[in-house]
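Shown next: query_26.txt, containing compact mmCIF, C-alpha atoms (C1' of nucleotides).
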# COMPACT_ATOMS: atom_id res chain seq x y z
CA MET D 15 143.36 96.60 101.28
CA SER D 16 141.16 99.62 100.97
CA PRO D 17 142.36 102.87 102.46
CA ARG D 18 140.08 104.11 105.22
CA PRO D 19 140.70 107.84 105.37
CA LYS D 20 139.79 109.13 108.78
CA VAL D 21 139.03 112.67 107.90
CA GLY D 22 136.63 114.86 109.75
CA LEU D 23 133.68 113.27 111.40
CA GLU D 24 132.67 109.92 112.76
CA ILE D 25 129.04 108.94 112.48
CA ASN D 26 128.84 108.85 116.26
CA GLU D 27 130.01 112.42 116.62
CA ILE D 28 127.31 113.40 114.17
CA LEU D 29 124.62 111.52 116.08
CA GLU D 30 125.84 113.04 119.31
CA ALA D 31 125.54 116.53 117.85
CA ALA D 32 122.12 115.73 116.40
CA GLY D 33 121.04 114.33 119.76
CA GLU D 34 122.11 117.51 121.47
CA ILE D 35 120.06 119.64 119.12
CA ALA D 36 117.10 117.34 119.63
CA ASP D 37 117.38 117.36 123.43
CA VAL D 38 117.75 121.11 123.67
CA HIS D 39 115.50 122.37 120.88
CA GLY D 40 113.36 119.40 119.88
CA MET D 41 113.41 117.16 116.81
CA ARG D 42 111.77 119.88 114.74
CA GLU D 43 115.05 121.77 114.88
CA VAL D 44 117.11 118.82 113.74
CA THR D 45 117.58 119.93 110.15
CA LEU D 46 120.53 119.26 107.89
CA ALA D 47 121.19 123.00 107.88
CA ASN D 48 121.31 123.25 111.68
CA LEU D 49 123.29 120.05 112.07
CA ALA D 50 125.83 121.13 109.46
CA LYS D 51 126.21 124.49 111.17
CA LYS D 52 126.91 122.80 114.50
CA LEU D 53 129.52 120.57 112.86
CA ASN D 54 131.10 123.37 110.82
CA ILE D 55 130.54 121.68 107.50
CA ARG D 56 128.19 122.29 104.56
CA PRO D 57 124.83 120.50 104.47
CA PRO D 58 125.56 118.39 101.37
CA SER D 59 128.60 116.89 103.12
CA LEU D 60 126.24 115.09 105.47
CA TYR D 61 125.12 112.88 102.60
CA ASN D 62 128.41 111.05 102.90
CA HIS D 63 127.30 109.78 106.30
CA PHE D 64 123.61 108.95 105.86
CA GLU D 65 120.91 109.01 103.22
CA GLY D 66 119.39 112.43 103.67
CA LEU D 67 117.12 113.60 106.43
CA GLY D 68 115.19 110.33 106.52
CA GLY D 69 118.41 108.41 106.92
CA LEU D 70 119.46 110.68 109.78
CA ARG D 71 116.13 110.17 111.56
CA LYS D 72 116.48 106.43 111.22
CA LYS D 73 120.01 106.47 112.60
CA MET D 74 118.93 108.73 115.45
CA ALA D 75 116.07 106.37 116.29
CA ILE D 76 118.43 103.41 116.49
CA TYR D 77 121.00 105.43 118.42
CA GLY D 78 118.32 106.45 120.94
CA ILE D 79 116.88 102.97 121.30
CA ASP D 80 120.35 101.53 121.88
CA LEU D 81 121.09 104.11 124.55
CA LEU D 82 117.74 103.45 126.20
CA TYR D 83 118.39 99.72 126.18
CA LYS D 84 121.79 100.18 127.79
CA GLU D 85 120.40 102.21 130.66
CA MET D 86 117.60 99.71 131.23
CA ALA D 87 119.97 96.76 131.13
CA TYR D 88 122.32 98.48 133.56
CA GLU D 89 119.57 99.02 136.12
CA ALA D 90 118.39 95.44 135.75
CA VAL D 91 121.52 93.80 137.08
CA GLY D 92 121.41 92.45 140.59
CA VAL D 93 117.68 92.74 141.03
CA SER D 94 114.83 90.34 140.36
CA GLY D 95 111.08 90.01 140.48
CA GLU D 96 109.04 93.11 141.09
CA ALA D 97 112.14 95.14 141.98
CA ALA D 98 113.63 94.39 138.57
CA VAL D 99 110.48 95.40 136.77
CA LEU D 100 110.38 98.67 138.70
CA ALA D 101 114.07 99.24 138.04
CA ILE D 102 113.82 99.02 134.26
CA SER D 103 110.59 101.01 134.33
CA LYS D 104 112.26 103.87 136.14
CA ALA D 105 115.25 103.68 133.81
CA TYR D 106 112.86 103.99 130.88
CA VAL D 107 111.10 107.13 132.07
CA GLU D 108 114.36 108.60 133.34
CA PHE D 109 115.81 108.26 129.87
CA ALA D 110 112.86 110.10 128.38
CA ARG D 111 113.37 112.86 130.96
CA LYS D 112 117.11 113.18 130.44
CA HIS D 113 116.94 112.87 126.66
CA PRO D 114 113.58 114.23 125.54
CA GLY D 115 114.83 114.81 122.01
CA LEU D 116 116.39 111.39 121.60
CA TYR D 117 113.30 109.76 123.04
CA GLU D 118 111.26 111.71 120.52
CA ALA D 119 113.64 110.41 117.86
CA THR D 120 112.97 106.79 118.83
CA LEU D 121 109.36 107.35 117.77
CA LEU D 122 110.09 109.32 114.64
CA ALA D 123 111.83 106.83 112.41
CA PRO D 124 110.55 107.20 108.83
CA ASP D 125 109.70 103.50 108.79
CA MET D 126 109.23 101.71 112.08
CA GLU D 127 108.96 98.40 110.23
CA ASP D 128 112.54 98.82 109.08
CA GLU D 129 114.76 95.84 109.80
CA ASP D 130 117.42 97.72 111.78
CA VAL D 131 114.92 99.69 113.82
CA GLN D 132 113.00 96.53 114.68
CA GLN D 133 116.19 94.80 115.70
CA ALA D 134 117.14 97.62 118.06
CA GLY D 135 113.70 97.56 119.65
CA ALA D 136 113.75 93.79 119.93
CA LYS D 137 116.50 93.98 122.54
CA ILE D 138 114.26 96.00 124.82
CA VAL D 139 111.39 93.59 124.30
CA GLU D 140 113.73 90.72 125.06
CA LEU D 141 114.92 92.37 128.25
CA SER D 142 111.33 92.93 129.31
CA VAL D 143 110.45 89.34 128.61
CA ARG D 144 113.37 88.11 130.66
CA VAL D 145 112.50 90.31 133.62
CA LEU D 146 108.83 89.39 133.49
CA GLN D 147 109.60 85.67 133.35
CA ALA D 148 110.02 85.74 137.13
CA PHE D 149 106.27 85.77 137.45
CA ASP D 150 105.72 82.46 135.69
CA LEU D 151 102.95 83.66 133.43
CA GLN D 152 101.50 80.98 131.19
CA GLY D 153 101.44 81.01 127.38
CA GLU D 154 99.57 83.86 125.79
CA ARG D 155 99.17 85.61 129.12
CA ALA D 156 102.92 86.21 129.16
CA LEU D 157 102.72 87.90 125.78
CA HIS D 158 99.79 90.06 126.81
CA THR D 159 101.81 91.07 129.86
CA VAL D 160 104.76 92.23 127.78
CA ARG D 161 102.45 94.23 125.54
CA GLY D 162 100.83 95.87 128.54
CA PHE D 163 104.16 96.61 130.15
CA ARG D 164 105.49 98.29 127.02
CA SER D 165 102.25 100.21 126.57
CA ILE D 166 102.45 101.60 130.09
CA LEU D 167 106.08 102.67 129.76
CA HIS D 168 105.67 104.21 126.36
CA GLY D 169 102.35 105.86 127.13
CA PHE D 170 103.47 107.19 130.49
CA SER D 171 106.68 108.67 129.07
CA SER D 172 104.96 110.22 126.09
CA LEU D 173 102.23 111.79 128.17
CA GLU D 174 104.66 113.07 130.76
CA GLN D 175 106.92 114.57 128.12
CA SER D 176 104.13 116.32 126.25
CA GLY D 177 102.79 117.78 129.47
CA GLY D 178 99.80 115.48 129.51
CA PHE D 179 99.82 115.07 133.29
CA LYS D 180 98.64 118.28 134.85
CA MET D 181 97.89 117.38 138.47
CA THR D 182 100.42 118.14 141.15
CA LEU D 183 100.87 114.52 142.01
CA ASP D 184 104.25 112.83 142.17
CA LEU D 185 105.07 111.21 138.86
CA ASP D 186 107.43 108.53 140.15
CA GLU D 187 104.83 107.47 142.65
CA SER D 188 102.30 107.19 139.85
CA LEU D 189 104.58 104.99 137.78
CA GLU D 190 105.35 102.69 140.67
CA THR D 191 101.69 102.37 141.61
CA ILE D 192 100.68 101.66 138.05
CA ILE D 193 103.34 99.03 137.42
CA LYS D 194 102.68 97.27 140.71
CA ALA D 195 98.94 97.19 140.07
CA PHE D 196 99.40 95.85 136.56
CA ILE D 197 101.67 93.06 137.70
CA LYS D 198 99.40 92.15 140.55
CA GLY D 199 96.41 92.04 138.22
CA MET D 200 98.26 89.92 135.71
CA ARG D 201 99.40 87.42 138.30
CA ALA D 202 95.92 86.93 139.67
CA ASP D 203 94.24 84.04 137.82
CA MET F 16 76.39 144.20 113.16
CA SER F 17 79.31 142.82 111.22
CA PRO F 18 78.66 141.13 107.88
CA ARG F 19 79.73 137.51 107.86
CA PRO F 20 80.43 136.64 104.22
CA LYS F 21 80.12 132.94 103.58
CA VAL F 22 82.38 132.51 100.60
CA GLY F 23 84.38 129.49 99.73
CA LEU F 24 85.47 127.21 102.50
CA GLU F 25 84.43 126.47 106.03
CA ILE F 26 87.16 125.66 108.50
CA ASN F 27 85.59 122.25 109.00
CA GLU F 28 85.82 121.39 105.31
CA ILE F 29 89.48 122.30 105.51
CA LEU F 30 90.09 120.14 108.55
CA GLU F 31 88.21 117.29 106.91
CA ALA F 32 90.45 117.53 103.86
CA ALA F 33 93.55 117.77 106.02
CA GLY F 34 92.37 114.78 108.04
CA GLU F 35 91.95 112.78 104.85
CA ILE F 36 95.48 113.54 103.74
CA ALA F 37 96.76 112.62 107.19
CA ASP F 38 94.83 109.34 107.35
CA VAL F 39 95.85 108.24 103.87
CA HIS F 40 99.40 109.55 103.58
CA GLY F 41 100.44 110.47 107.13
CA MET F 42 100.93 113.82 108.83
CA ARG F 43 104.22 114.29 107.01
CA GLU F 44 102.25 114.86 103.83
CA VAL F 45 99.97 117.45 105.39
CA THR F 46 101.64 120.50 103.87
CA LEU F 47 100.02 123.77 102.93
CA ALA F 48 100.90 122.99 99.33
CA ASN F 49 99.18 119.59 99.37
CA LEU F 50 96.19 120.86 101.30
CA ALA F 51 95.72 123.83 98.97
CA LYS F 52 95.93 121.53 95.97
CA LYS F 53 93.23 119.28 97.42
CA LEU F 54 91.01 122.31 98.06
CA ASN F 55 91.72 123.91 94.68
CA ILE F 56 93.03 127.14 96.14
CA ARG F 57 96.47 128.73 96.44
CA PRO F 58 98.56 128.05 99.56
CA PRO F 59 98.56 131.66 100.85
CA SER F 60 94.74 131.65 100.93
CA LEU F 61 94.91 129.19 103.80
CA TYR F 62 96.32 131.91 106.04
CA ASN F 63 92.81 133.38 106.16
CA HIS F 64 91.68 130.29 108.08
CA PHE F 65 94.55 129.56 110.46
CA GLU F 66 97.95 130.89 111.44
CA GLY F 67 100.27 128.97 109.16
CA LEU F 68 101.29 125.35 109.40
CA GLY F 69 101.57 125.48 113.19
CA GLY F 70 98.06 126.85 113.41
CA LEU F 71 96.78 124.07 111.17
CA ARG F 72 98.46 121.39 113.29
CA LYS F 73 96.92 122.85 116.41
CA LYS F 74 93.45 122.93 114.87
CA MET F 75 93.89 119.37 113.59
CA ALA F 76 94.91 118.23 117.07
CA ILE F 77 91.80 119.74 118.62
CA TYR F 78 89.64 118.41 115.78
CA GLY F 79 91.02 114.92 116.33
CA ILE F 80 90.71 115.02 120.10
CA ASP F 81 87.10 116.18 119.81
CA LEU F 82 86.28 113.38 117.39
CA LEU F 83 87.98 110.86 119.67
CA TYR F 84 86.05 112.15 122.65
CA LYS F 85 82.73 111.85 120.81
CA GLU F 86 83.34 108.22 119.90
CA MET F 87 84.38 107.37 123.43
CA ALA F 88 81.40 109.15 124.94
CA TYR F 89 79.05 107.39 122.53
CA GLU F 90 80.28 103.96 123.53
CA ALA F 91 80.06 104.84 127.21
CA VAL F 92 76.30 105.28 127.32
CA GLY F 93 74.26 102.51 128.88
CA VAL F 94 77.20 100.65 130.36
CA SER F 95 78.89 100.83 133.73
CA GLY F 96 81.75 99.44 135.76
CA GLU F 97 84.27 97.26 133.98
CA ALA F 98 82.12 97.07 130.85
CA ALA F 99 82.21 100.86 130.56
CA VAL F 100 85.97 101.00 130.94
CA LEU F 101 86.39 98.35 128.27
CA ALA F 102 83.92 100.16 126.02
CA ILE F 103 85.79 103.46 126.02
CA SER F 104 89.10 101.65 125.75
CA LYS F 105 87.99 99.90 122.60
CA ALA F 106 86.58 103.14 121.21
CA TYR F 107 89.97 104.74 121.79
CA VAL F 108 92.04 102.16 119.93
CA GLU F 109 89.39 101.85 117.23
CA PHE F 110 89.68 105.55 116.59
CA ALA F 111 93.43 105.27 116.22
CA ARG F 112 92.90 102.42 113.75
CA LYS F 113 90.25 104.18 111.69
CA HIS F 114 91.99 107.55 111.75
CA PRO F 115 95.74 106.94 112.02
CA GLY F 116 96.56 110.37 110.66
CA LEU F 117 94.17 112.25 112.91
CA TYR F 118 95.38 110.27 115.88
CA GLU F 119 98.91 111.23 114.92
CA ALA F 120 97.70 114.82 114.76
CA THR F 121 96.42 114.70 118.34
CA LEU F 122 100.03 114.16 119.44
CA LEU F 123 101.60 116.67 117.09
CA ALA F 124 100.28 120.00 118.31
CA PRO F 125 103.09 122.57 118.29
CA ASP F 126 102.38 123.31 121.94
CA MET F 127 100.59 120.71 124.00
CA GLU F 128 100.38 123.18 126.91
CA ASP F 129 98.17 125.40 124.78
CA GLU F 130 94.91 126.39 126.44
CA ASP F 131 92.59 125.11 123.70
CA VAL F 132 94.44 121.82 123.29
CA GLN F 133 94.40 121.23 127.04
CA GLN F 134 90.70 121.97 127.18
CA ALA F 135 89.93 119.45 124.44
CA GLY F 136 91.97 116.78 126.20
CA ALA F 137 90.39 117.59 129.53
CA LYS F 138 87.06 116.25 128.31
CA ILE F 139 88.59 112.84 127.72
CA VAL F 140 90.24 112.89 131.13
CA GLU F 141 86.92 113.87 132.67
CA LEU F 142 85.13 111.03 130.91
CA SER F 143 87.75 108.59 132.14
CA VAL F 144 87.44 109.88 135.68
CA ARG F 145 83.67 109.48 135.57
CA VAL F 146 83.86 105.92 134.27
CA LEU F 147 86.53 104.91 136.76
CA GLN F 148 84.58 106.34 139.69
CA ALA F 149 82.53 103.16 139.73
CA PHE F 150 85.45 101.46 141.45
CA ASP F 151 85.43 103.71 144.50
CA LEU F 152 89.16 104.39 144.52
CA GLN F 153 90.32 106.59 147.37
CA GLY F 154 92.14 109.91 147.08
CA GLU F 155 95.45 109.81 145.26
CA ARG F 156 94.90 106.24 144.18
CA ALA F 157 92.10 107.45 141.93
CA LEU F 158 94.44 109.91 140.24
CA HIS F 159 97.13 107.29 139.76
CA THR F 160 94.50 105.07 138.19
CA VAL F 161 93.50 107.70 135.65
CA ARG F 162 97.14 108.24 134.76
CA GLY F 163 97.68 104.54 134.30
CA PHE F 164 94.55 104.14 132.24
CA ARG F 165 95.56 106.95 129.90
CA SER F 166 99.09 105.61 129.64
CA ILE F 167 97.83 102.19 128.61
CA LEU F 168 95.45 103.54 125.99
CA HIS F 169 97.94 105.95 124.51
CA GLY F 170 100.87 103.58 124.65
CA PHE F 171 98.93 100.67 123.22
CA SER F 172 97.55 102.73 120.34
CA SER F 173 100.90 104.28 119.51
CA LEU F 174 102.72 100.98 119.55
CA GLU F 175 100.03 99.25 117.50
CA GLN F 176 100.00 102.03 114.93
CA SER F 177 103.76 102.14 114.50
CA GLY F 178 103.91 98.39 114.08
CA GLY F 179 105.44 97.83 117.51
CA PHE F 180 103.53 94.62 118.15
CA LYS F 181 104.94 91.93 115.96
CA MET F 182 103.57 88.68 117.42
CA THR F 183 100.58 87.05 115.82
CA LEU F 184 98.44 87.47 118.88
CA ASP F 185 95.01 89.05 118.84
CA LEU F 186 95.29 92.75 119.63
CA ASP F 187 91.79 93.25 121.02
CA GLU F 188 92.34 90.34 123.35
CA SER F 189 95.56 91.94 124.53
CA LEU F 190 93.86 95.24 125.27
CA GLU F 191 91.02 93.60 127.18
CA THR F 192 93.42 91.49 129.21
CA ILE F 193 95.62 94.48 130.02
CA ILE F 194 92.76 96.76 131.08
CA LYS F 195 91.13 94.06 133.21
CA ALA F 196 94.40 93.27 134.94
CA PHE F 197 95.14 96.91 135.62
CA ILE F 198 91.73 97.54 137.15
CA LYS F 199 91.94 94.39 139.21
CA GLY F 200 95.34 95.38 140.51
CA MET F 201 94.22 98.89 141.31
CA ARG F 202 91.17 97.70 143.23
CA ALA F 203 93.18 95.34 145.37
CA ASP F 204 94.23 97.15 148.55
C1' DT K 22 159.23 109.09 100.52
C1' DT K 23 155.86 109.01 96.89
C1' DG K 24 151.96 107.58 94.23
C1' DT K 25 147.28 105.51 94.52
C1' DT K 26 142.78 105.17 96.21
C1' DA K 27 138.69 105.88 98.72
C1' DA K 28 136.29 108.71 101.73
C1' DA K 29 134.54 113.03 102.77
C1' DA K 30 134.58 117.55 102.14
C1' DC K 31 133.35 121.31 98.80
C1' DT K 32 130.59 124.56 95.12
C1' DA K 33 126.77 125.30 92.25
C1' DA K 34 122.21 124.61 91.04
C1' DT K 35 117.31 123.12 91.53
C1' DA K 36 112.79 122.19 93.44
C1' DT K 37 109.73 122.46 97.12
C1' DC K 38 108.13 124.74 101.03
C1' DA K 39 106.21 128.20 104.24
C1' DT K 40 105.52 132.74 104.69
C1' DT K 41 104.74 137.93 103.96
C1' DA K 42 102.91 141.94 101.56
C1' DG K 43 99.79 144.00 99.02
C1' DT K 44 95.61 143.60 96.09
C1' DT K 45 91.23 142.08 94.31
C1' DA K 46 86.85 139.76 94.33
C1' DA K 47 82.73 138.28 96.62
C1' DA K 48 78.92 138.07 99.71
C1' DA K 49 76.26 139.23 103.73
C1' DT K 50 74.33 142.98 106.18
C1' DA K 51 72.64 147.74 106.90
C1' DT R 18 72.30 149.87 96.76
C1' DA R 19 76.40 150.95 99.54
C1' DT R 20 79.34 149.26 103.05
C1' DT R 21 82.09 146.12 105.29
C1' DT R 22 84.27 141.94 106.19
C1' DT R 23 86.04 137.78 104.59
C1' DA R 24 88.61 135.13 101.63
C1' DA R 25 90.54 134.59 97.54
C1' DC R 26 94.48 136.08 94.51
C1' DT R 27 99.58 137.41 92.54
C1' DA R 28 104.29 138.26 93.41
C1' DA R 29 108.31 137.85 95.98
C1' DT R 30 111.44 136.05 99.63
C1' DG R 31 113.99 132.94 102.46
C1' DA R 32 114.82 128.43 104.16
C1' DT R 33 115.13 123.81 103.16
C1' DA R 34 116.46 119.25 101.23
C1' DT R 35 118.55 117.32 97.57
C1' DT R 36 121.45 116.22 93.25
C1' DA R 37 125.53 116.53 90.34
C1' DG R 38 129.97 117.09 89.72
C1' DT R 39 134.54 118.43 91.66
C1' DT R 40 138.25 118.88 94.87
C1' DT R 41 140.65 117.92 98.99
C1' DT R 42 142.36 114.86 102.41
C1' DA R 43 144.44 111.07 104.57
C1' DA R 44 145.45 106.20 104.87
C1' DC R 45 147.81 102.59 102.67
C1' DA R 46 151.05 100.35 99.26
C1' DA R 47 154.92 100.72 96.50
What's the structure tokens form of this structure?
Amino acid sequence: MSPRPKVGLEINEILEAAGEIADVHGMREVTLANLAKKLNIRPPSLYNHFEGLGGLRKKMAIYGIDLLYKEMAYEAVGVSGEAAVLAISKAYVEFARKHPGLYEATLLAPDMEDEDVQQAGAKIVELSVRVLQAFDLQGERALHTVRGFRSILHGFSSLEQSGGFKMTLDLDESLETIIKAFIKGMRAD
Amino acid sequence: MSPRPKVGLEINEILEAAGEIADVHGMREVTLANLAKKLNIRPPSLYNHFEGLGGLRKKMAIYGIDLLYKEMAYEAVGVSGEAAVLAISKAYVEFARKHPGLYEATLLAPDMEDEDVQQAGAKIVELSVRVLQAFDLQGERALHTVRGFRSILHGFSSLEQSGGFKMTLDLDESLETIIKAFIKGMRAD
DNA sequence: TTGTTAAAACTAATATCATTAGTTAAAATA
DNA sequence: TATTTTAACTAATGATATTAGTTTTAACAA
């Protein structure tokens, strides 16, 4: 058997620390220097845990997507139809609000086509598909619906986070109105 | 009067060069070093044209937003109602396709709350408001509609650009279907 | 308990950046 | 032609990511 020395840090502790920096100061401040300082180690030591800064960004993206998925899935239990769609929608934007840095990280992977990143995202798509299946959409229309749903969630969160919505108009009300309208429009033949 | 020496580079030539780098290699490659090399000057000389890398990113964001606005406004002439909404929607995603780097730049301003950045974006919001007015939406519902419309366009473009849509399903058809459904749902009382 | 092994830390060094300071060249206006 | 403003330059600094090679640490086997 191979010895598995448990010395120092677990990858999850590292991602947690990196997530904290990202949430508080933004992804721009997630540098190997800053991360190492927070962990009380030297920057080169981080290379034992991931492949440089790009590797860290990739791992952070997956970490964030997984967390996002978990919160969506949690809110989806025990509800169905429109209520379920609204539930996972709110969970999505709530995640972006609570973890602005990690949400930013989910969009900052060096290569979004990467196998692992795709796989993490696929779970969210799958969840969306399952929730939207309640509306019995036919063939291609079902696929268009999923694309639209994702576009709304992602666009809404991004715009909200970057201060794109200026008006003093309740944001949660906007999201609910938008989602309801989209579903209604998609169901109409 | 103050002499205005025209020597060397115009700010627009610089932004054009920076935009080229961004479109071909991504915003990550837009460094002062790379930009200076492309312009055949030394990196510090760029500080005569903008305030460091942050200043460049801000100017690129505004430059991109302006360009995006122009293309949308161009496609909006001579059409009305749903056709107009579809026209500016297509112009939006087409811009992101033709200028992936500049579109990336529009989201990468160091401070999205910045006065100049806000002002550039306001023109697009205004155009959207004007086009959506054809549907006679009342009060707050009109504002929710604009928010939803922007979310769809931004989300769709971002996801398309980062390879978020995997299925072999026509993208333009998706966009048209999504926009039509959203409008239909918003018009329904 | 003790030796082996693999993981994870370290030091030292390098290359690439952005950035600042101070200086020089160039061109448009008066 | 002289002045003034702009925009280029050189030189230097500090921060960064990254590589190479080495040492320490801790789990496992003997």
Dump as a PDB file with C-alpha atoms, keeping the file's coordinate frame the residues of chain D that approach chain F to within 8 Å, counting all atoms listed in the file.
ATOM      1  CA  MET D 126     109.230 101.710 112.080  1.00  0.00           C
ATOM      2  CA  GLU D 127     108.960  98.400 110.230  1.00  0.00           C
ATOM      3  CA  GLU D 154      99.570  83.860 125.790  1.00  0.00           C
ATOM      4  CA  HIS D 158      99.790  90.060 126.810  1.00  0.00           C
ATOM      5  CA  THR D 159     101.810  91.070 129.860  1.00  0.00           C
ATOM      6  CA  ARG D 161     102.450  94.230 125.540  1.00  0.00           C
ATOM      7  CA  GLY D 162     100.830  95.870 128.540  1.00  0.00           C
ATOM      8  CA  ARG D 164     105.490  98.290 127.020  1.00  0.00           C
ATOM      9  CA  SER D 165     102.250 100.210 126.570  1.00  0.00           C
ATOM     10  CA  ILE D 166     102.450 101.600 130.090  1.00  0.00           C
ATOM     11  CA  LEU D 167     106.080 102.670 129.760  1.00  0.00           C
ATOM     12  CA  HIS D 168     105.670 104.210 126.360  1.00  0.00           C
ATOM     13  CA  GLY D 169     102.350 105.860 127.130  1.00  0.00           C
ATOM     14  CA  PHE D 170     103.470 107.190 130.490  1.00  0.00           C
ATOM     15  CA  SER D 172     104.960 110.220 126.090  1.00  0.00           C
ATOM     16  CA  LEU D 173     102.230 111.790 128.170  1.00  0.00           C
ATOM     17  CA  SER D 176     104.130 116.320 126.250  1.00  0.00           C
ATOM     18  CA  GLY D 177     102.790 117.780 129.470  1.00  0.00           C
ATOM     19  CA  GLY D 178      99.800 115.480 129.510  1.00  0.00           C
ATOM     20  CA  PHE D 179      99.820 115.070 133.290  1.00  0.00           C
ATOM     21  CA  LEU D 183     100.870 114.520 142.010  1.00  0.00           C
ATOM     22  CA  SER D 188     102.300 107.190 139.850  1.00  0.00           C
ATOM     23  CA  LEU D 189     104.580 104.990 137.780  1.00  0.00           C
ATOM     24  CA  THR D 191     101.690 102.370 141.610  1.00  0.00           C
ATOM     25  CA  ILE D 192     100.680 101.660 138.050  1.00  0.00           C
ATOM     26  CA  LYS D 194     102.680  97.270 140.710  1.00  0.00           C
ATOM     27  CA  ALA D 195      98.940  97.190 140.070  1.00  0.00           C
ATOM     28  CA  PHE D 196      99.400  95.850 136.560  1.00  0.00           C
ATOM     29  CA  ILE D 197     101.670  93.060 137.700  1.00  0.00           C
ATOM     30  CA  LYS D 198      99.400  92.150 140.550  1.00  0.00           C
ATOM     31  CA  GLY D 199      96.410  92.040 138.220  1.00  0.00           C
ATOM     32  CA  MET D 200      98.260  89.920 135.710  1.00  0.00           C
TER      33      MET D 200
END
request  = Would you be able to write out as a VMD selection string which residues have an atom within 12 Å of (123.0, 113.1, 115.7) in the file's coordinates, counting all atoms listed in the file?
outcome  = chain D and resid 23 to 37 41 43 to 46 48 to 50 52 to 53 60 63 to 64 67 69 to 78 115 to 116 119
Straight-line distance linking atom CA of Asn54 of chain D with atom CA of His39 of chain D, stated in Å to one decimal = 18.6 Å
inquiry  = What does the structure give for the distance between atom C1' of DA25 of chain R and atom CA of Ile56 of chain F, in Å to one decimal?
reply    =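 Here the two named atoms are 8.0 Å from each other.
Interatomic distance, atom CA of Asp186 of chain D to atom CA of Phe109 of chain D: 13.3 Å.
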Using the file's own x, y and z axes, what box holds all listed atoms of segment 100-108 of chain D with 3 Å on each side, keeping edges along x, y and z, and what are its centre and edge lengths in Å to one decimal, as JSON?
{"center_x": 112.8, "center_y": 103.6, "center_z": 134.8, "size_x": 10.9, "size_y": 15.9, "size_z": 13.8}
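Near chain F, within 9 Å and counting all atoms listed in the file, the residues of chain R are DT21, DT22, DT23, DA24, DA25 and DC26 of chain R.
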Those same residues - C-alpha atoms (C1' of nucleotides) - I'd like them written as a short mmCIF file (atom, residue, chain, number, x, y, z; two decimals), in the frame of the given file.
data_model
loop_
_atom_site.label_atom_id
_atom_site.label_comp_id
_atom_site.auth_asym_id
_atom_site.auth_seq_id
_atom_site.Cartn_x
_atom_site.Cartn_y
_atom_site.Cartn_z
"C1'" DT R 21 82.09 146.12 105.29
"C1'" DT R 22 84.27 141.94 106.19
"C1'" DT R 23 86.04 137.78 104.59
"C1'" DA R 24 88.61 135.13 101.63
"C1'" DA R 25 90.54 134.59 97.54
"C1'" DC R 26 94.48 136.08 94.51
#
task = For chain F, work out the contacting residues on chain K at 8 Å, counting all atoms listed in the file, and write them as a list of chain:residue names.
result = K:DC38, K:DA39, K:DT40, K:DA47, K:DA48, K:DA49, K:DT50
